[in-house]
Amino acid sequence: MSSEHQDVESKYQVTHSSPVPVAAASTIANPGPLGLCGFALTTFVLSLHNAGAGVASDGPHGVVTGLAIFYGGLVQLLAGMWEFKTGNTFGATAFSSYGGFWLAFACIYIPGADVAGSYKGDSALMGKSVGYFLLGWTIFTGIMLIASHRSNVGLISLFFFLFITFILLTAGKLQGSITLNIAGGAMGIITAFIAWYNALAGLLTKESSYFTLPLGRIN
């Protein structure tokens, strides 16, 4: 009887496996404020030049090139990649795209790229080409403005003023109008401050600050 009992136990022996350890989910900081700051500062400096703030509106703005490559370009592009990690498709699309915009814009004015040289001194033709370049980004910004309609007032305001900025700068380049270029610069300055406000609102969290900034959530 005991041998039969042992045979049954051996046949239906239950093995107890140790539980598989669950790896802690990796955390990533919010890349939004970084991307917004990179966009804001580069936009601010270029817009001061476009608005003719103490400098000629149609004068050189080579100092912007470094910002456009590293802060507005590379840093913002990295912020976009990190937004993919957080699962934020909108933020990833916006930061990656505008990072690419600044890198492409810088390339136009890098002497080694010889983009300006390819126009053989025809500044009018180059102005038209830059106008078409800006027109493409105007359309893209309009798309992002539509896509932001259920986010918050702060973000909608940012894309609205950026959209107007691109419209003015595009028209200024296509028509060769200094007045429109100055107006676009003025709108760009406003856009930069709105971007900085959004960035600061993202930095002032309940965990890290004694106060927060309202963004006007839309339910």
# chains A, B, ... in the order shown; residues from 1 in each chain; ligands from 1
>>> select_by_dssp(residues="segment 111-215 of chain A", states="alpha helix (DSSP H)", output="compact mmCIF listing (two decimals) with all heavy atoms, in the first residue's frame")
# COMPACT_ATOMS: atom_id res chain seq x y z
N SER A 123 20.66 87.19 -54.50
CA SER A 123 20.00 87.26 -53.19
C SER A 123 18.48 87.17 -53.30
O SER A 123 17.81 86.64 -52.40
CB SER A 123 20.39 88.56 -52.47
OG SER A 123 20.05 89.69 -53.26
N ALA A 124 17.92 87.68 -54.41
CA ALA A 124 16.47 87.62 -54.59
C ALA A 124 16.00 86.17 -54.72
O ALA A 124 15.00 85.77 -54.13
CB ALA A 124 16.05 88.42 -55.82
N LEU A 125 16.75 85.39 -55.49
CA LEU A 125 16.39 83.97 -55.67
C LEU A 125 16.56 83.21 -54.36
O LEU A 125 15.72 82.39 -54.01
CB LEU A 125 17.26 83.35 -56.77
CG LEU A 125 17.02 81.85 -57.04
CD1 LEU A 125 15.57 81.60 -57.43
CD2 LEU A 125 17.98 81.36 -58.13
N MET A 126 17.62 83.52 -53.64
CA MET A 126 17.82 82.84 -52.37
C MET A 126 16.71 83.20 -51.38
O MET A 126 16.23 82.35 -50.64
CB MET A 126 19.18 83.21 -51.78
CG MET A 126 19.45 82.50 -50.45
SD MET A 126 21.09 82.80 -49.78
CE MET A 126 20.94 81.93 -48.20
N GLY A 127 16.28 84.47 -51.41
CA GLY A 127 15.18 84.89 -50.56
C GLY A 127 13.91 84.10 -50.85
O GLY A 127 13.18 83.70 -49.93
N LYS A 128 13.65 83.88 -52.15
CA LYS A 128 12.47 83.09 -52.54
C LYS A 128 12.58 81.66 -52.04
O LYS A 128 11.62 81.08 -51.53
CB LYS A 128 12.34 83.09 -54.07
CG LYS A 128 11.97 84.42 -54.69
CD LYS A 128 10.49 84.71 -54.56
CE LYS A 128 10.11 85.95 -55.35
NZ LYS A 128 8.67 86.29 -55.21
N SER A 129 13.79 81.09 -52.17
CA SER A 129 14.00 79.71 -51.74
C SER A 129 13.81 79.57 -50.23
O SER A 129 13.19 78.61 -49.75
CB SER A 129 15.40 79.24 -52.14
OG SER A 129 15.53 79.17 -53.54
N VAL A 130 14.35 80.53 -49.48
CA VAL A 130 14.16 80.51 -48.03
C VAL A 130 12.68 80.67 -47.70
O VAL A 130 12.16 80.06 -46.77
CB VAL A 130 15.00 81.61 -47.34
CG1 VAL A 130 14.67 81.69 -45.85
CG2 VAL A 130 16.48 81.34 -47.53
N GLY A 131 11.98 81.48 -48.51
CA GLY A 131 10.54 81.65 -48.33
C GLY A 131 9.79 80.35 -48.51
O GLY A 131 8.89 80.03 -47.72
N TYR A 132 10.17 79.55 -49.51
CA TYR A 132 9.53 78.26 -49.71
C TYR A 132 9.87 77.31 -48.56
O TYR A 132 9.03 76.49 -48.13
CB TYR A 132 9.98 77.64 -51.04
CG TYR A 132 9.48 78.39 -52.26
CD1 TYR A 132 10.28 78.52 -53.40
CD2 TYR A 132 8.22 78.97 -52.27
CE1 TYR A 132 9.83 79.21 -54.52
CE2 TYR A 132 7.76 79.67 -53.38
CZ TYR A 132 8.57 79.79 -54.50
OH TYR A 132 8.12 80.47 -55.59
N PHE A 133 11.10 77.40 -48.07
CA PHE A 133 11.52 76.61 -46.91
C PHE A 133 10.64 76.94 -45.71
O PHE A 133 10.12 76.05 -45.03
CB PHE A 133 12.99 76.93 -46.62
CG PHE A 133 13.52 76.36 -45.33
CD1 PHE A 133 13.91 75.04 -45.25
CD2 PHE A 133 13.66 77.16 -44.20
CE1 PHE A 133 14.42 74.51 -44.06
CE2 PHE A 133 14.17 76.66 -43.02
CZ PHE A 133 14.55 75.32 -42.95
N LEU A 134 10.43 78.23 -45.48
CA LEU A 134 9.59 78.66 -44.36
C LEU A 134 8.12 78.32 -44.60
O LEU A 134 7.39 78.04 -43.64
CB LEU A 134 9.75 80.17 -44.14
CG LEU A 134 11.13 80.63 -43.66
CD1 LEU A 134 11.20 82.16 -43.61
CD2 LEU A 134 11.46 80.03 -42.29
N LEU A 135 7.69 78.33 -45.85
CA LEU A 135 6.31 77.97 -46.17
C LEU A 135 6.01 76.54 -45.74
O LEU A 135 4.94 76.25 -45.18
CB LEU A 135 6.05 78.14 -47.67
CG LEU A 135 4.66 77.73 -48.17
CD1 LEU A 135 3.58 78.58 -47.49
CD2 LEU A 135 4.59 77.86 -49.69
N GLY A 136 6.95 75.63 -45.99
CA GLY A 136 6.76 74.25 -45.57
C GLY A 136 6.60 74.14 -44.06
O GLY A 136 5.74 73.40 -43.56
N TRP A 137 7.38 74.92 -43.33
CA TRP A 137 7.29 74.90 -41.88
C TRP A 137 6.05 75.62 -41.37
O TRP A 137 5.53 75.31 -40.29
CB TRP A 137 8.55 75.49 -41.26
CG TRP A 137 9.70 74.55 -41.39
CD1 TRP A 137 10.72 74.60 -42.30
CD2 TRP A 137 9.91 73.37 -40.62
NE1 TRP A 137 11.56 73.53 -42.13
CE2 TRP A 137 11.09 72.75 -41.10
CE3 TRP A 137 9.24 72.76 -39.56
CZ2 TRP A 137 11.59 71.58 -40.57
CZ3 TRP A 137 9.73 71.59 -39.02
CH2 TRP A 137 10.89 71.01 -39.52
N THR A 138 5.54 76.54 -42.15
CA THR A 138 4.26 77.18 -41.80
C THR A 138 3.14 76.15 -41.86
O THR A 138 2.29 76.07 -40.95
CB THR A 138 3.94 78.33 -42.78
OG1 THR A 138 5.02 79.28 -42.76
CG2 THR A 138 2.65 79.03 -42.40
N ILE A 139 3.14 75.35 -42.92
CA ILE A 139 2.12 74.31 -43.06
C ILE A 139 2.24 73.29 -41.92
O ILE A 139 1.23 72.90 -41.31
CB ILE A 139 2.26 73.60 -44.42
CG1 ILE A 139 1.99 74.60 -45.55
CG2 ILE A 139 1.33 72.40 -44.52
CD1 ILE A 139 2.33 74.07 -46.94
N PHE A 140 3.46 72.88 -41.62
CA PHE A 140 3.66 71.92 -40.53
C PHE A 140 3.18 72.49 -39.20
O PHE A 140 2.54 71.79 -38.41
CB PHE A 140 5.14 71.54 -40.43
CG PHE A 140 5.46 70.69 -39.24
CD1 PHE A 140 5.15 69.34 -39.22
CD2 PHE A 140 6.07 71.24 -38.11
CE1 PHE A 140 5.43 68.55 -38.11
CE2 PHE A 140 6.35 70.46 -37.00
CZ PHE A 140 6.03 69.11 -37.00
N THR A 141 3.48 73.76 -38.95
CA THR A 141 3.05 74.39 -37.70
C THR A 141 1.53 74.47 -37.62
O THR A 141 0.94 74.31 -36.55
CB THR A 141 3.68 75.79 -37.55
OG1 THR A 141 5.11 75.67 -37.63
CG2 THR A 141 3.30 76.43 -36.24
N GLY A 142 0.88 74.71 -38.75
CA GLY A 142 -0.57 74.69 -38.78
C GLY A 142 -1.12 73.33 -38.40
O GLY A 142 -2.13 73.22 -37.68
N ILE A 143 -0.46 72.28 -38.88
CA ILE A 143 -0.87 70.91 -38.52
C ILE A 143 -0.72 70.69 -37.03
O ILE A 143 -1.62 70.13 -36.37
CB ILE A 143 -0.02 69.89 -39.31
CG1 ILE A 143 -0.36 69.95 -40.81
CG2 ILE A 143 -0.23 68.47 -38.77
CD1 ILE A 143 0.55 69.15 -41.68
N MET A 144 0.39 71.15 -36.46
CA MET A 144 0.62 70.97 -35.03
C MET A 144 -0.36 71.80 -34.20
O MET A 144 -0.77 71.39 -33.11
CB MET A 144 2.06 71.35 -34.67
CG MET A 144 3.12 70.47 -35.33
SD MET A 144 2.91 68.70 -35.00
CE MET A 144 3.35 68.64 -33.26
N LEU A 145 -0.74 72.96 -34.71
CA LEU A 145 -1.73 73.79 -34.02
C LEU A 145 -3.06 73.06 -33.93
O LEU A 145 -3.72 73.05 -32.88
CB LEU A 145 -1.90 75.13 -34.75
CG LEU A 145 -3.00 76.06 -34.24
CD1 LEU A 145 -2.77 76.44 -32.78
CD2 LEU A 145 -3.09 77.32 -35.12
N ILE A 146 -3.46 72.44 -35.03
CA ILE A 146 -4.71 71.67 -35.03
C ILE A 146 -4.61 70.49 -34.06
O ILE A 146 -5.55 70.20 -33.30
CB ILE A 146 -5.03 71.17 -36.45
CG1 ILE A 146 -5.31 72.35 -37.39
CG2 ILE A 146 -6.23 70.22 -36.44
CD1 ILE A 146 -5.41 71.97 -38.85
N ALA A 147 -3.46 69.82 -34.07
CA ALA A 147 -3.28 68.64 -33.22
C ALA A 147 -3.24 68.99 -31.74
O ALA A 147 -3.47 68.12 -30.90
CB ALA A 147 -2.00 67.92 -33.62
N VAL A 153 -4.25 75.72 -22.88
CA VAL A 153 -4.21 77.07 -23.46
C VAL A 153 -2.77 77.50 -23.73
O VAL A 153 -2.47 78.13 -24.74
CB VAL A 153 -4.90 78.08 -22.53
CG1 VAL A 153 -4.75 79.50 -23.06
CG2 VAL A 153 -6.37 77.72 -22.35
N GLY A 154 -1.85 77.13 -22.81
CA GLY A 154 -0.46 77.51 -22.99
C GLY A 154 0.14 76.94 -24.26
O GLY A 154 0.81 77.65 -25.02
N LEU A 155 -0.10 75.66 -24.53
CA LEU A 155 0.46 75.02 -25.71
C LEU A 155 -0.23 75.50 -26.99
O LEU A 155 0.43 75.73 -28.02
CB LEU A 155 0.34 73.51 -25.59
CG LEU A 155 1.22 72.67 -26.50
CD1 LEU A 155 2.69 72.96 -26.25
CD2 LEU A 155 0.95 71.18 -26.30
N ILE A 156 -1.53 75.68 -26.93
CA ILE A 156 -2.26 76.19 -28.09
C ILE A 156 -1.78 77.60 -28.44
O ILE A 156 -1.57 77.93 -29.62
CB ILE A 156 -3.78 76.19 -27.82
CG1 ILE A 156 -4.30 74.76 -27.68
CG2 ILE A 156 -4.53 76.91 -28.94
CD1 ILE A 156 -5.74 74.67 -27.21
N SER A 157 -1.57 78.43 -27.42
CA SER A 157 -1.08 79.79 -27.65
C SER A 157 0.30 79.77 -28.30
O SER A 157 0.59 80.56 -29.20
CB SER A 157 -1.01 80.56 -26.33
OG SER A 157 -2.29 80.67 -25.74
N LEU A 158 1.15 78.85 -27.85
CA LEU A 158 2.49 78.74 -28.42
C LEU A 158 2.43 78.44 -29.91
O LEU A 158 3.09 79.12 -30.71
CB LEU A 158 3.27 77.63 -27.68
CG LEU A 158 4.63 77.25 -28.26
CD1 LEU A 158 5.56 78.45 -28.28
CD2 LEU A 158 5.23 76.10 -27.47
N PHE A 159 1.64 77.46 -30.28
CA PHE A 159 1.58 77.10 -31.70
C PHE A 159 0.82 78.13 -32.52
O PHE A 159 1.12 78.32 -33.70
CB PHE A 159 0.97 75.70 -31.86
CG PHE A 159 1.95 74.60 -31.58
CD1 PHE A 159 1.94 73.94 -30.36
CD2 PHE A 159 2.89 74.24 -32.51
CE1 PHE A 159 2.85 72.94 -30.09
CE2 PHE A 159 3.82 73.23 -32.25
CZ PHE A 159 3.79 72.58 -31.03
N PHE A 160 -0.12 78.82 -31.91
CA PHE A 160 -0.83 79.87 -32.64
C PHE A 160 0.12 81.02 -32.99
O PHE A 160 0.18 81.46 -34.15
CB PHE A 160 -2.00 80.40 -31.81
CG PHE A 160 -2.69 81.58 -32.42
CD1 PHE A 160 -3.57 81.41 -33.48
CD2 PHE A 160 -2.45 82.87 -31.96
CE1 PHE A 160 -4.20 82.52 -34.06
CE2 PHE A 160 -3.07 83.97 -32.53
CZ PHE A 160 -3.95 83.78 -33.59
N PHE A 161 0.86 81.50 -32.01
CA PHE A 161 1.77 82.61 -32.27
C PHE A 161 2.93 82.18 -33.16
O PHE A 161 3.42 82.97 -33.98
CB PHE A 161 2.29 83.18 -30.95
CG PHE A 161 1.33 84.13 -30.29
CD1 PHE A 161 0.44 83.68 -29.32
CD2 PHE A 161 1.29 85.47 -30.66
CE1 PHE A 161 -0.46 84.55 -28.72
CE2 PHE A 161 0.39 86.35 -30.07
CZ PHE A 161 -0.49 85.89 -29.10
N LEU A 162 3.37 80.93 -33.04
CA LEU A 162 4.41 80.44 -33.94
C LEU A 162 3.89 80.35 -35.37
O LEU A 162 4.62 80.67 -36.32
CB LEU A 162 4.89 79.06 -33.47
CG LEU A 162 6.01 78.41 -34.29
CD1 LEU A 162 7.25 79.29 -34.31
CD2 LEU A 162 6.34 77.02 -33.75
N PHE A 163 2.65 79.95 -35.51
CA PHE A 163 2.04 79.89 -36.84
C PHE A 163 1.99 81.27 -37.48
O PHE A 163 2.36 81.43 -38.66
CB PHE A 163 0.63 79.30 -36.71
CG PHE A 163 -0.10 79.11 -38.00
CD1 PHE A 163 0.43 78.34 -39.02
CD2 PHE A 163 -1.34 79.69 -38.21
CE1 PHE A 163 -0.24 78.15 -40.21
CE2 PHE A 163 -2.03 79.51 -39.41
CZ PHE A 163 -1.48 78.74 -40.41
N ILE A 164 1.57 82.27 -36.72
CA ILE A 164 1.54 83.64 -37.23
C ILE A 164 2.94 84.12 -37.56
O ILE A 164 3.17 84.80 -38.58
CB ILE A 164 0.88 84.59 -36.21
CG1 ILE A 164 -0.56 84.15 -35.91
CG2 ILE A 164 0.90 86.03 -36.73
CD1 ILE A 164 -1.46 84.11 -37.12
N THR A 165 3.91 83.77 -36.72
CA THR A 165 5.30 84.15 -36.97
C THR A 165 5.79 83.60 -38.30
O THR A 165 6.39 84.32 -39.11
CB THR A 165 6.21 83.62 -35.83
OG1 THR A 165 5.81 84.21 -34.59
CG2 THR A 165 7.67 83.97 -36.09
N PHE A 166 5.53 82.33 -38.54
CA PHE A 166 5.95 81.71 -39.80
C PHE A 166 5.25 82.33 -41.00
O PHE A 166 5.86 82.51 -42.06
CB PHE A 166 5.71 80.20 -39.75
CG PHE A 166 6.88 79.41 -39.22
CD1 PHE A 166 6.72 78.58 -38.11
CD2 PHE A 166 8.12 79.48 -39.82
CE1 PHE A 166 7.78 77.85 -37.61
CE2 PHE A 166 9.20 78.75 -39.33
CZ PHE A 166 9.04 77.93 -38.22
N ILE A 167 3.98 82.65 -40.85
CA ILE A 167 3.26 83.29 -41.95
C ILE A 167 3.91 84.61 -42.33
O ILE A 167 4.16 84.90 -43.51
CB ILE A 167 1.78 83.52 -41.57
CG1 ILE A 167 1.03 82.19 -41.53
CG2 ILE A 167 1.10 84.46 -42.57
CD1 ILE A 167 -0.41 82.31 -41.06
N LEU A 168 4.22 85.43 -41.33
CA LEU A 168 4.82 86.74 -41.59
C LEU A 168 6.22 86.62 -42.18
O LEU A 168 6.57 87.33 -43.14
CB LEU A 168 4.87 87.55 -40.29
CG LEU A 168 3.51 87.99 -39.74
CD1 LEU A 168 3.66 88.58 -38.34
CD2 LEU A 168 2.84 89.00 -40.67
N LEU A 169 7.02 85.70 -41.63
CA LEU A 169 8.38 85.53 -42.15
C LEU A 169 8.37 84.96 -43.56
O LEU A 169 9.19 85.34 -44.40
CB LEU A 169 9.18 84.62 -41.21
CG LEU A 169 9.49 85.18 -39.83
CD1 LEU A 169 10.22 84.13 -38.98
CD2 LEU A 169 10.34 86.45 -39.92
N THR A 170 7.44 84.03 -43.82
CA THR A 170 7.33 83.46 -45.16
C THR A 170 6.94 84.54 -46.17
O THR A 170 7.56 84.66 -47.24
CB THR A 170 6.27 82.34 -45.18
OG1 THR A 170 6.68 81.30 -44.29
CG2 THR A 170 6.11 81.77 -46.57
N ALA A 171 5.93 85.33 -45.82
CA ALA A 171 5.50 86.41 -46.72
C ALA A 171 6.61 87.43 -46.90
O ALA A 171 6.82 87.96 -48.00
CB ALA A 171 4.25 87.08 -46.15
N GLY A 172 7.34 87.71 -45.83
CA GLY A 172 8.44 88.67 -45.93
C GLY A 172 9.52 88.21 -46.89
O GLY A 172 10.05 89.01 -47.67
N LYS A 173 9.85 86.93 -46.85
CA LYS A 173 10.88 86.41 -47.75
C LYS A 173 10.39 86.34 -49.20
O LYS A 173 11.11 86.69 -50.14
CB LYS A 173 11.33 85.02 -47.28
CG LYS A 173 12.18 85.03 -46.04
CD LYS A 173 13.49 85.76 -46.25
CE LYS A 173 14.38 85.69 -45.01
NZ LYS A 173 15.65 86.46 -45.21
N LEU A 174 9.15 85.88 -49.38
CA LEU A 174 8.63 85.72 -50.74
C LEU A 174 8.39 87.07 -51.42
O LEU A 174 8.53 87.19 -52.63
CB LEU A 174 7.33 84.91 -50.71
CG LEU A 174 7.47 83.44 -50.32
CD1 LEU A 174 6.11 82.76 -50.27
CD2 LEU A 174 8.40 82.71 -51.28
N GLN A 175 8.02 88.09 -50.63
CA GLN A 175 7.76 89.41 -51.19
C GLN A 175 8.93 90.37 -51.03
O GLN A 175 8.88 91.50 -51.51
CB GLN A 175 6.52 90.02 -50.53
CG GLN A 175 5.25 89.22 -50.75
CD GLN A 175 4.03 89.88 -50.13
OE1 GLN A 175 4.02 91.07 -49.84
NE2 GLN A 175 2.99 89.09 -49.92
N ILE A 178 10.85 94.01 -45.84
CA ILE A 178 11.50 94.19 -44.55
C ILE A 178 10.45 94.37 -43.45
O ILE A 178 10.60 93.90 -42.32
CB ILE A 178 12.46 95.38 -44.57
CG1 ILE A 178 13.57 95.15 -45.60
CG2 ILE A 178 13.07 95.61 -43.20
CD1 ILE A 178 14.46 93.97 -45.29
N THR A 179 9.36 95.07 -43.77
CA THR A 179 8.30 95.34 -42.79
C THR A 179 7.69 94.04 -42.27
O THR A 179 7.50 93.87 -41.06
CB THR A 179 7.19 96.20 -43.42
OG1 THR A 179 7.76 97.43 -43.89
CG2 THR A 179 6.10 96.50 -42.40
N LEU A 180 7.40 93.12 -43.17
CA LEU A 180 6.85 91.82 -42.76
C LEU A 180 7.87 91.02 -41.96
O LEU A 180 7.52 90.31 -41.02
CB LEU A 180 6.40 91.03 -43.98
CG LEU A 180 5.13 91.53 -44.68
CD1 LEU A 180 4.90 90.76 -45.98
CD2 LEU A 180 3.92 91.37 -43.76
N ASN A 181 9.14 91.15 -42.34
CA ASN A 181 10.19 90.45 -41.61
C ASN A 181 10.30 90.97 -40.17
O ASN A 181 10.46 90.19 -39.22
CB ASN A 181 11.52 90.62 -42.32
CG ASN A 181 12.56 89.59 -41.89
OD1 ASN A 181 12.39 88.40 -42.10
ND2 ASN A 181 13.64 90.07 -41.27
N ILE A 182 10.18 92.29 -40.02
CA ILE A 182 10.21 92.89 -38.68
C ILE A 182 9.00 92.44 -37.86
O ILE A 182 9.12 92.11 -36.67
CB ILE A 182 10.25 94.43 -38.79
CG1 ILE A 182 11.60 94.88 -39.38
CG2 ILE A 182 10.03 95.08 -37.43
CD1 ILE A 182 11.68 96.36 -39.67
N ALA A 183 7.83 92.42 -38.51
CA ALA A 183 6.62 91.96 -37.82
C ALA A 183 6.76 90.51 -37.39
O ALA A 183 6.36 90.12 -36.29
CB ALA A 183 5.40 92.13 -38.73
N GLY A 184 7.35 89.68 -38.26
CA GLY A 184 7.58 88.29 -37.91
C GLY A 184 8.54 88.15 -36.74
O GLY A 184 8.37 87.29 -35.88
N GLY A 185 9.55 89.04 -36.70
CA GLY A 185 10.47 89.02 -35.58
C GLY A 185 9.78 89.37 -34.27
O GLY A 185 10.04 88.75 -33.24
N ALA A 186 8.89 90.37 -34.32
CA ALA A 186 8.16 90.77 -33.12
C ALA A 186 7.27 89.63 -32.61
O ALA A 186 7.22 89.36 -31.41
CB ALA A 186 7.31 92.01 -33.41
N MET A 187 6.61 88.96 -33.53
CA MET A 187 5.77 87.83 -33.13
C MET A 187 6.62 86.67 -32.61
O MET A 187 6.23 85.94 -31.70
CB MET A 187 4.93 87.36 -34.32
CG MET A 187 3.87 88.36 -34.76
SD MET A 187 2.63 88.67 -33.49
CE MET A 187 1.83 87.09 -33.43
N GLY A 188 7.81 86.53 -33.17
CA GLY A 188 8.71 85.48 -32.72
C GLY A 188 9.17 85.70 -31.28
O GLY A 188 9.34 84.74 -30.52
N ILE A 189 9.37 86.96 -30.91
CA ILE A 189 9.76 87.28 -29.53
C ILE A 189 8.64 86.87 -28.57
O ILE A 189 8.89 86.27 -27.51
CB ILE A 189 10.09 88.78 -29.40
CG1 ILE A 189 11.35 89.11 -30.19
CG2 ILE A 189 10.27 89.16 -27.92
CD1 ILE A 189 11.65 90.60 -30.29
N ILE A 190 7.40 87.18 -28.94
CA ILE A 190 6.25 86.78 -28.11
C ILE A 190 6.18 85.26 -28.01
O ILE A 190 5.96 84.69 -26.93
CB ILE A 190 4.95 87.34 -28.70
CG1 ILE A 190 4.96 88.88 -28.69
CG2 ILE A 190 3.73 86.81 -27.94
CD1 ILE A 190 3.79 89.51 -29.42
N THR A 191 6.41 84.60 -29.14
CA THR A 191 6.39 83.13 -29.17
C THR A 191 7.43 82.55 -28.23
O THR A 191 7.17 81.57 -27.51
CB THR A 191 6.64 82.62 -30.60
OG1 THR A 191 5.64 83.16 -31.48
CG2 THR A 191 6.61 81.11 -30.66
N ALA A 192 8.62 83.14 -28.23
CA ALA A 192 9.70 82.65 -27.37
C ALA A 192 9.33 82.75 -25.90
O ALA A 192 9.57 81.82 -25.12
CB ALA A 192 10.98 83.44 -27.65
N PHE A 193 8.71 83.87 -25.50
CA PHE A 193 8.33 84.02 -24.10
C PHE A 193 7.22 83.05 -23.71
O PHE A 193 7.19 82.55 -22.57
CB PHE A 193 7.92 85.47 -23.81
CG PHE A 193 9.08 86.38 -23.55
CD1 PHE A 193 9.49 87.31 -24.50
CD2 PHE A 193 9.79 86.30 -22.37
CE1 PHE A 193 10.57 88.14 -24.28
CE2 PHE A 193 10.88 87.13 -22.12
CZ PHE A 193 11.27 88.05 -23.07
N ILE A 194 6.32 82.77 -24.63
CA ILE A 194 5.27 81.77 -24.36
C ILE A 194 5.90 80.39 -24.18
O ILE A 194 5.51 79.62 -23.29
CB ILE A 194 4.22 81.75 -25.48
CG1 ILE A 194 3.47 83.09 -25.54
CG2 ILE A 194 3.23 80.61 -25.27
CD1 ILE A 194 2.52 83.20 -26.71
N ALA A 195 6.90 80.08 -25.00
CA ALA A 195 7.59 78.79 -24.87
C ALA A 195 8.31 78.70 -23.53
O ALA A 195 8.28 77.66 -22.87
CB ALA A 195 8.58 78.60 -26.02
N TRP A 196 8.95 79.79 -23.12
CA TRP A 196 9.62 79.81 -21.81
C TRP A 196 8.61 79.64 -20.68
O TRP A 196 8.89 78.96 -19.70
CB TRP A 196 10.39 81.10 -21.63
CG TRP A 196 11.83 81.02 -22.05
CD1 TRP A 196 12.67 79.96 -21.86
CD2 TRP A 196 12.60 82.03 -22.72
NE1 TRP A 196 13.93 80.26 -22.36
CE2 TRP A 196 13.91 81.51 -22.89
CE3 TRP A 196 12.30 83.31 -23.18
CZ2 TRP A 196 14.93 82.24 -23.50
CZ3 TRP A 196 13.32 84.04 -23.79
CH2 TRP A 196 14.61 83.51 -23.96
N TYR A 197 7.45 80.25 -20.82
CA TYR A 197 6.41 80.11 -19.79
C TYR A 197 5.98 78.65 -19.68
O TYR A 197 5.85 78.10 -18.57
CB TYR A 197 5.20 80.99 -20.13
CG TYR A 197 4.07 80.87 -19.14
CD1 TYR A 197 4.02 81.71 -18.03
CD2 TYR A 197 3.06 79.92 -19.30
CE1 TYR A 197 2.98 81.61 -17.10
CE2 TYR A 197 2.03 79.81 -18.38
CZ TYR A 197 2.00 80.66 -17.28
OH TYR A 197 0.98 80.55 -16.36
N ASN A 198 5.76 78.01 -20.82
CA ASN A 198 5.39 76.59 -20.80
C ASN A 198 6.48 75.73 -20.19
O ASN A 198 6.21 74.77 -19.46
CB ASN A 198 5.09 76.12 -22.23
CG ASN A 198 3.70 76.48 -22.70
OD1 ASN A 198 2.75 75.73 -22.51
ND2 ASN A 198 3.56 77.63 -23.33
N ALA A 199 7.74 76.08 -20.48
CA ALA A 199 8.85 75.34 -19.91
C ALA A 199 8.90 75.49 -18.39
O ALA A 199 9.09 74.52 -17.66
CB ALA A 199 10.17 75.81 -20.53
N LEU A 200 8.72 76.73 -17.93
CA LEU A 200 8.74 76.98 -16.48
C LEU A 200 7.59 76.26 -15.79
O LEU A 200 7.75 75.72 -14.70
CB LEU A 200 8.67 78.48 -16.21
CG LEU A 200 8.73 78.92 -14.74
CD1 LEU A 200 10.01 78.41 -14.08
CD2 LEU A 200 8.64 80.44 -14.63
N ALA A 201 6.43 76.24 -16.43
CA ALA A 201 5.29 75.53 -15.87
C ALA A 201 5.59 74.04 -15.73
O ALA A 201 5.13 73.39 -14.78
CB ALA A 201 4.05 75.74 -16.75
N GLY A 202 6.36 73.49 -16.65
CA GLY A 202 6.74 72.09 -16.57
C GLY A 202 7.78 71.83 -15.51
O GLY A 202 7.85 70.71 -14.96
N LEU A 203 8.60 72.82 -15.19
CA LEU A 203 9.63 72.66 -14.17
C LEU A 203 9.08 72.81 -12.76
O LEU A 203 9.57 72.18 -11.82
CB LEU A 203 10.75 73.70 -14.39
CG LEU A 203 11.64 73.49 -15.62
CD1 LEU A 203 12.54 74.70 -15.83
CD2 LEU A 203 12.49 72.23 -15.48
>>> closest_residue(among="A:Thr212, A:Gln76, A:Ser118, A:Asn219", to="Gly35 of chain A", atoms="only C-alpha atoms")
A:Gln76
>>> atom_distance(atom1="atom CA of Thr27 of chain A", atom2="atom CA of Lys206 of chain A")
18.0 Å
>>> closest_residue(among="A:Trp102, A:Val75, A:Ala116, A:Trp82", to="Leu46 of chain A", atoms="only C-alpha atoms")
A:Trp102
>>> atom_distance(atom1="atom CA of Phe95 of chain A", atom2="atom CA of Ala51 of chain A")
24.6 Å
>>> residues_around(residues="His49 of chain A", least_positions_apart="2", cutoff="9 Å", atoms="only C-alpha atoms", output="list in words")
Phe44, Val45, Leu46, Ser47, Ala51, Gly52, Ala53, Gly54, Val55, Ala56, Ser57, Asp58, Gly59, Pro60, His61, Ile182 and Gly185 of chain A
>>> atom_distance(atom1="atom CA of Leu36 of chain A", atom2="atom CA of Ala113 of chain A")
27.5 Å
